[in-house]
>>> print(open('coords-v3.cif').read())   # mmCIF, C-alpha atoms
data_model
loop_
_atom_site.group_PDB
_atom_site.id
_atom_site.type_symbol
_atom_site.label_atom_id
_atom_site.label_comp_id
_atom_site.auth_asym_id
_atom_site.auth_seq_id
_atom_site.Cartn_x
_atom_site.Cartn_y
_atom_site.Cartn_z
ATOM 1 C CA MET T 1 -2.829 13.386 -12.390
ATOM 2 C CA THR T 2 -3.045 17.091 -13.117
ATOM 3 C CA SER T 3 -2.652 19.652 -10.352
ATOM 4 C CA ASP T 4 -6.445 20.145 -10.292
ATOM 5 C CA GLY T 5 -7.355 16.452 -9.893
ATOM 6 C CA PHE T 6 -7.859 15.192 -13.429
ATOM 7 C CA LEU T 7 -6.637 11.853 -14.679
ATOM 8 C CA LEU T 8 -4.830 12.153 -17.997
ATOM 9 C CA ALA T 9 -5.539 9.023 -20.047
ATOM 10 C CA ILE T 10 -4.999 8.001 -23.652
ATOM 11 C CA VAL T 11 -7.509 6.434 -26.031
ATOM 12 C CA GLN T 12 -5.646 3.608 -27.712
ATOM 13 C CA SER T 13 -5.990 3.454 -31.480
ATOM 14 C CA GLU T 14 -7.242 0.362 -33.273
ATOM 15 C CA ARG T 15 -3.599 -0.415 -34.119
ATOM 16 C CA ASN T 16 -2.724 -1.031 -30.484
ATOM 17 C CA SER T 17 -2.497 -4.771 -29.834
ATOM 18 C CA ALA T 18 -3.078 -4.735 -26.063
ATOM 19 C CA SER T 19 -6.195 -2.597 -25.561
ATOM 20 C CA PRO T 20 -7.482 -1.232 -28.871
ATOM 21 C CA LEU T 21 -10.000 1.609 -28.538
ATOM 22 C CA LEU T 22 -9.864 1.506 -24.721
ATOM 23 C CA LEU T 23 -8.548 4.072 -22.261
ATOM 24 C CA ALA T 24 -4.974 3.396 -21.235
ATOM 25 C CA PRO T 25 -2.732 5.102 -18.724
ATOM 26 C CA ALA T 26 -0.803 8.000 -20.186
ATOM 27 C CA GLY T 27 2.755 6.807 -19.862
ATOM 28 C CA SER T 28 2.190 3.126 -20.498
ATOM 29 C CA GLY T 29 4.580 1.286 -22.716
ATOM 30 C CA THR T 30 7.763 -0.723 -22.770
ATOM 31 C CA LEU T 31 11.027 -0.374 -20.901
ATOM 32 C CA GLU T 32 13.898 0.482 -23.214
ATOM 33 C CA PRO T 33 17.641 -0.002 -22.632
ATOM 34 C CA ARG T 34 18.111 3.776 -22.378
ATOM 35 C CA ASP T 35 15.813 3.813 -19.313
ATOM 36 C CA ALA T 36 18.510 1.947 -17.360
ATOM 37 C CA LYS T 37 21.393 4.149 -18.490
ATOM 38 C CA ASP T 38 21.967 6.099 -15.270
ATOM 39 C CA ASN T 39 19.812 4.067 -12.892
ATOM 40 C CA ALA T 40 21.070 1.531 -10.400
ATOM 41 C CA ASP T 41 17.829 -0.003 -9.130
ATOM 42 C CA LEU T 42 14.678 -1.407 -10.666
ATOM 43 C CA THR T 43 12.334 1.190 -9.191
ATOM 44 C CA ALA T 44 14.377 4.039 -10.670
ATOM 45 C CA ILE T 45 14.477 2.315 -14.067
ATOM 46 C CA VAL T 46 10.711 1.788 -14.062
ATOM 47 C CA ARG T 47 10.083 5.390 -12.950
ATOM 48 C CA THR T 48 12.352 6.687 -15.743
ATOM 49 C CA ALA T 49 10.482 4.582 -18.331
ATOM 50 C CA MET T 50 7.087 5.724 -17.058
ATOM 51 C CA GLU T 51 8.121 9.368 -17.313
ATOM 52 C CA ARG T 52 9.666 8.929 -20.773
ATOM 53 C CA GLU T 53 6.497 7.270 -22.066
ATOM 54 C CA LEU T 54 4.334 9.989 -20.490
ATOM 55 C CA LEU T 55 6.343 12.739 -22.205
ATOM 56 C CA GLU T 56 6.209 10.924 -25.566
ATOM 57 C CA GLU T 57 2.464 10.203 -25.419
ATOM 58 C CA THR T 58 1.115 13.495 -24.077
ATOM 59 C CA GLY T 59 3.260 16.468 -24.998
ATOM 60 C CA ILE T 60 3.959 17.105 -21.297
ATOM 61 C CA LYS T 61 7.331 18.741 -20.682
ATOM 62 C CA ARG T 62 9.846 17.285 -18.204
ATOM 63 C CA GLU T 63 9.736 20.438 -16.056
ATOM 64 C CA GLU T 64 5.960 19.937 -15.662
ATOM 65 C CA LEU T 65 6.448 16.640 -13.817
ATOM 66 C CA ARG T 66 6.108 16.886 -10.051
ATOM 67 C CA ALA T 67 6.725 13.277 -8.912
ATOM 68 C CA THR T 68 6.376 9.710 -10.136
ATOM 69 C CA HIS T 69 5.712 6.840 -7.749
ATOM 70 C CA VAL T 70 5.881 3.160 -8.656
ATOM 71 C CA LEU T 71 2.887 1.645 -6.853
ATOM 72 C CA GLY T 72 2.591 -1.956 -7.918
ATOM 73 C CA PHE T 73 3.447 -4.866 -10.123
ATOM 74 C CA GLY T 74 1.444 -7.662 -11.725
ATOM 75 C CA ARG T 75 1.541 -10.193 -14.513
ATOM 76 C CA TRP T 76 -1.016 -10.051 -17.302
ATOM 77 C CA MET T 77 -1.819 -13.732 -17.879
ATOM 78 C CA GLU T 78 -3.841 -13.189 -21.068
ATOM 79 C CA ARG T 79 -0.737 -11.594 -22.591
ATOM 80 C CA GLY T 80 1.714 -14.400 -21.852
ATOM 81 C CA ALA T 81 2.264 -13.335 -18.220
ATOM 82 C CA LYS T 82 3.746 -10.033 -19.407
ATOM 83 C CA PRO T 83 4.980 -8.002 -16.433
ATOM 84 C CA GLU T 84 3.108 -4.772 -15.731
ATOM 85 C CA PHE T 85 4.235 -2.014 -13.378
ATOM 86 C CA PHE T 86 1.719 0.496 -12.074
ATOM 87 C CA GLY T 87 2.501 4.010 -11.018
ATOM 88 C CA MET T 88 1.287 7.541 -10.827
ATOM 89 C CA THR T 89 2.857 10.789 -11.909
ATOM 90 C CA THR T 90 1.572 14.004 -10.443
ATOM 91 C CA LEU T 91 1.896 17.047 -12.645
ATOM 92 C CA ALA T 92 2.620 20.652 -11.793
ATOM 93 C CA VAL T 93 0.135 21.806 -14.450
ATOM 94 C CA SER T 94 -3.666 21.933 -14.555
ATOM 95 C CA SER T 95 -6.049 20.130 -16.894
ATOM 96 C CA ASP T 96 -6.559 23.384 -18.838
ATOM 97 C CA GLN T 97 -2.801 23.642 -19.419
ATOM 98 C CA VAL T 98 -2.612 20.035 -20.670
ATOM 99 C CA ARG T 99 -5.782 19.927 -22.786
ATOM 100 C CA GLY T 100 -5.127 19.706 -26.520
ATOM 101 C CA ARG T 101 -1.479 18.729 -26.385
ATOM 102 C CA LYS T 102 -0.287 16.258 -28.972
ATOM 103 C CA PRO T 103 1.876 13.153 -28.623
ATOM 104 C CA MET T 104 5.175 12.792 -30.439
ATOM 105 C CA ARG T 105 4.632 11.895 -34.095
ATOM 106 C CA ALA T 106 5.651 8.215 -33.649
ATOM 107 C CA GLU T 107 3.084 7.784 -30.860
ATOM 108 C CA ARG T 108 0.162 9.022 -32.970
ATOM 109 C CA LEU T 109 -0.197 5.585 -34.593
ATOM 110 C CA TYR T 110 -1.117 4.057 -31.240
ATOM 111 C CA SER T 111 -2.743 6.906 -29.322
ATOM 112 C CA SER T 112 -5.824 8.348 -30.960
ATOM 113 C CA ALA T 113 -6.848 10.920 -28.340
ATOM 114 C CA GLN T 114 -6.119 12.395 -24.958
ATOM 115 C CA VAL T 115 -8.834 12.312 -22.288
ATOM 116 C CA LEU T 116 -9.026 14.240 -19.012
ATOM 117 C CA ILE T 117 -11.308 12.719 -16.376
ATOM 118 C CA GLU T 118 -11.985 14.208 -12.961
ATOM 119 C CA LEU T 119 -10.975 11.593 -10.381
ATOM 120 C CA ASP T 120 -11.084 11.826 -6.580
ATOM 121 C CA LEU T 121 -8.387 9.329 -5.591
ATOM 122 C CA PRO T 122 -8.788 9.740 -1.809
ATOM 123 C CA ALA T 123 -12.553 9.109 -2.053
ATOM 124 C CA LEU T 124 -12.008 6.087 -4.288
ATOM 125 C CA GLY T 125 -9.329 4.777 -1.935
ATOM 126 C CA GLY T 126 -11.748 5.073 0.991
ATOM 127 C CA GLU T 127 -14.405 3.161 -0.923
ATOM 128 C CA LEU T 128 -11.959 0.394 -1.800
ATOM 129 C CA ARG T 129 -10.732 0.131 1.799
ATOM 130 C CA ALA T 130 -14.385 -0.055 2.919
ATOM 131 C CA GLY T 131 -14.864 -3.157 0.763
ATOM 132 C CA HIS T 132 -16.187 -1.869 -2.569
ATOM 133 C CA GLU T 133 -14.968 -3.659 -5.662
ATOM 134 C CA LEU T 134 -13.256 -1.224 -8.034
ATOM 135 C CA LEU T 135 -15.893 -1.397 -10.786
ATOM 136 C CA ALA T 136 -18.691 -0.951 -8.224
ATOM 137 C CA ALA T 137 -17.073 1.958 -6.360
ATOM 138 C CA PRO T 138 -19.406 4.986 -6.495
ATOM 139 C CA SER T 139 -16.642 7.511 -7.173
ATOM 140 C CA LEU T 140 -15.102 5.640 -10.132
ATOM 141 C CA PRO T 141 -16.032 7.745 -13.182
ATOM 142 C CA HIS T 142 -18.373 6.009 -15.640
ATOM 143 C CA ARG T 143 -15.987 6.643 -18.546
ATOM 144 C CA VAL T 144 -13.254 4.699 -16.734
ATOM 145 C CA ARG T 145 -15.666 1.947 -15.656
ATOM 146 C CA ASP T 146 -16.979 1.532 -19.216
ATOM 147 C CA ASP T 147 -13.808 2.003 -21.293
ATOM 148 C CA GLY T 148 -10.855 1.414 -18.964
ATOM 149 C CA SER T 149 -8.162 -1.060 -20.004
ATOM 150 C CA VAL T 150 -6.778 -3.581 -17.515
ATOM 151 C CA PRO T 151 -3.589 -1.511 -16.967
ATOM 152 C CA LEU T 152 -5.597 1.677 -16.399
ATOM 153 C CA LEU T 153 -7.997 0.049 -13.937
ATOM 154 C CA LEU T 154 -5.208 -1.611 -11.961
ATOM 155 C CA GLY T 155 -3.148 1.591 -11.965
ATOM 156 C CA ILE T 156 -6.094 3.617 -10.664
ATOM 157 C CA ARG T 157 -6.729 0.985 -7.989
ATOM 158 C CA ALA T 158 -3.097 1.109 -6.844
ATOM 159 C CA ALA T 159 -3.068 4.928 -6.833
ATOM 160 C CA ALA T 160 -6.351 5.126 -4.929
ATOM 161 C CA LEU T 161 -5.216 2.659 -2.281
ATOM 162 C CA SER T 162 -1.956 4.567 -1.798
ATOM 163 C CA SER T 163 -3.707 7.954 -1.502
ATOM 164 C CA ALA T 164 -4.459 9.557 1.834
ATOM 165 C CA SER T 165 -8.063 9.455 2.989
#
>>> encode(input="coords-v3.cif", output="structure tokens")
Amino acid sequence: MTSDGFLLAIVQSERNSASPLLLAPAGSGTLEPRDAKDNADLTAIVRTAMERELLEETGIKREELRATHVLGFGRWMERGAKPEFFGMTTLAVSSDQVRGRKPMRAERLYSSAQVLIELDLPALGGELRAGHELLAAPSLPHRVRDDGSVPLLLGIRAAALSSAS
């Protein structure tokens, strides 16, 4: 999330096997052995991997990260029960400062575009706590409702439920 309340998401390219042409969380990907190098616990390893993937996929600089929180875990049954961690990184930069940045060259095969979507997490969290289903929540942006991948939707849900009302 940018400092001015925009969700930074990635449009997956057609080459992406998990969610081709759908919106995915910026910072999604796979844990690598280097993510565990200096970390003693699982949460720290996952947070390190999320931040590394975010930097690779978006052109964000490490000093522009404010905080990363691991918010949830699930298993994606349609993908062989692959484990999925959900989290949110808040940025110290605005949407205008992020707009137009490019991913690292290797990531360009799988990420076709960057998208910034205004998202009121506290409002969405209130709607979910009041009993709305995620896809029926009034404050969920139409672009996310229409084009969101499973990891993006579950990540937004976890972030909204952990946000203050």
>>> atom_distance(input="coords-v3.cif", atom1="CA of Val93 in chain T", atom2="CA of Ala49 in chain T")
20.5 Å
>>> residues_around(input="coords-v3.cif", residues="range 66-69 of chain T", least_positions_apart="3", cutoff="7 Å", atoms="all atoms listed in the file", output="list in words")
Arg47, Gly87, Met88, Thr89, Thr90, Leu91 and Ala92 of chain T
>>> residues_around(input="coords-v3.cif", residues="Ile45 in chain T", least_positions_apart="3", cutoff="12 Å", atoms="only C-alpha atoms", output="list in words")
Thr30, Leu31, Glu32, Pro33, Arg34, Asp35, Ala36, Lys37, Asp38, Asn39, Ala40, Asp41, Leu42, Thr48, Ala49, Met50, Glu51, Arg52, Thr68, His69, Val70 and Phe85 of chain T
>>> write_last_selection(input="coords-v3.cif", atoms="C-alpha atoms", output="PDB file, in the frame of the given file")
ATOM      1  CA  THR T  30       7.763  -0.723 -22.770  1.00  0.00           C
ATOM      2  CA  LEU T  31      11.027  -0.374 -20.901  1.00  0.00           C
ATOM      3  CA  GLU T  32      13.898   0.482 -23.214  1.00  0.00           C
ATOM      4  CA  PRO T  33      17.641  -0.002 -22.632  1.00  0.00           C
ATOM      5  CA  ARG T  34      18.111   3.776 -22.378  1.00  0.00           C
ATOM      6  CA  ASP T  35      15.813   3.813 -19.313  1.00  0.00           C
ATOM      7  CA  ALA T  36      18.510   1.947 -17.360  1.00  0.00           C
ATOM      8  CA  LYS T  37      21.393   4.149 -18.490  1.00  0.00           C
ATOM      9  CA  ASP T  38      21.967   6.099 -15.270  1.00  0.00           C
ATOM     10  CA  ASN T  39      19.812   4.067 -12.892  1.00  0.00           C
ATOM     11  CA  ALA T  40      21.070   1.531 -10.400  1.00  0.00           C
ATOM     12  CA  ASP T  41      17.829  -0.003  -9.130  1.00  0.00           C
ATOM     13  CA  LEU T  42      14.678  -1.407 -10.666  1.00  0.00           C
ATOM     14  CA  THR T  48      12.352   6.687 -15.743  1.00  0.00           C
ATOM     15  CA  ALA T  49      10.482   4.582 -18.331  1.00  0.00           C
ATOM     16  CA  MET T  50       7.087   5.724 -17.058  1.00  0.00           C
ATOM     17  CA  GLU T  51       8.121   9.368 -17.313  1.00  0.00           C
ATOM     18  CA  ARG T  52       9.666   8.929 -20.773  1.00  0.00           C
ATOM     19  CA  THR T  68       6.376   9.710 -10.136  1.00  0.00           C
ATOM     20  CA  HIS T  69       5.712   6.840  -7.749  1.00  0.00           C
ATOM     21  CA  VAL T  70       5.881   3.160  -8.656  1.00  0.00           C
ATOM     22  CA  PHE T  85       4.235  -2.014 -13.378  1.00  0.00           C
TER      23      PHE T  85
END
>>> closest_residue(input="coords-v3.cif", among="T:Gly80, T:Ala9, T:Leu55, T:Glu127", to="Leu153 in chain T", atoms="all atoms listed in the file")
T:Ala9
>>> atom_distance(input="coords-v3.cif", atom1="CA of Gly29 in chain T", atom2="CA of Glu53 in chain T")
6.3 Å
>>> atom_distance(input="coords-v3.cif", atom1="CA of Ala18 in chain T", atom2="CA of Arg79 in chain T")
8.0 Å
>>> residues_near_point(input="coords-v3.cif", point="(-6.9, 4.1, -2.4)", cutoff="10 Å", atoms="only C-alpha atoms", output="VMD selection string")
chain T and resid 120 to 129 156 to 165
>>> closest_residue(input="coords-v3.cif", among="T:Ala26, T:Ile117, T:Glu64, T:Leu21", to="Pro141 in chain T", atoms="all atoms listed in the file")
T:Ile117
>>> axis_aligned_box(input="coords-v3.cif", around="range 40-58 of chain T", padding_each_side="5 Å", output="JSON")
{"center_x": 11.1, "center_y": 6.0, "center_z": -17.3, "size_x": 30.0, "size_y": 24.9, "size_z": 26.4}
>>> residues_near_point(input="coords-v3.cif", point="(-3.1, 20.1, -20.0)", cutoff="9 Å", atoms="only C-alpha atoms", output="PyMOL selection string")
chain T and resi 2+8+58-60+93-101+116
>>> residues_around(input="coords-v3.cif", residues="Gly148 in chain T", least_positions_apart="6", cutoff="7 Å", atoms="all atoms listed in the file", output="PDB file with C-alpha atoms, in the coordinates of the input")
ATOM      1  CA  LEU T  22      -9.864   1.506 -24.721  1.00  0.00           C
ATOM      2  CA  LEU T  23      -8.548   4.072 -22.261  1.00  0.00           C
ATOM      3  CA  ALA T  24      -4.974   3.396 -21.235  1.00  0.00           C
TER       4      ALA T  24
END
>>> closest_residue(input="coords-v3.cif", among="T:Ser28, T:Pro151, T:Arg145, T:Asp4", to="Gly74 in chain T", atoms="all atoms listed in the file")
T:Pro151
>>> closest_residue(input="coords-v3.cif", among="T:Ser3, T:Glu63, T:Leu154, T:Leu119", to="Pro138 in chain T", atoms="only C-alpha atoms")
T:Leu119
>>> closest_residue(input="coords-v3.cif", among="T:Gly155, T:Gly72, T:Pro83, T:Gly27", to="Gln114 in chain T", atoms="only C-alpha atoms")
T:Gly27
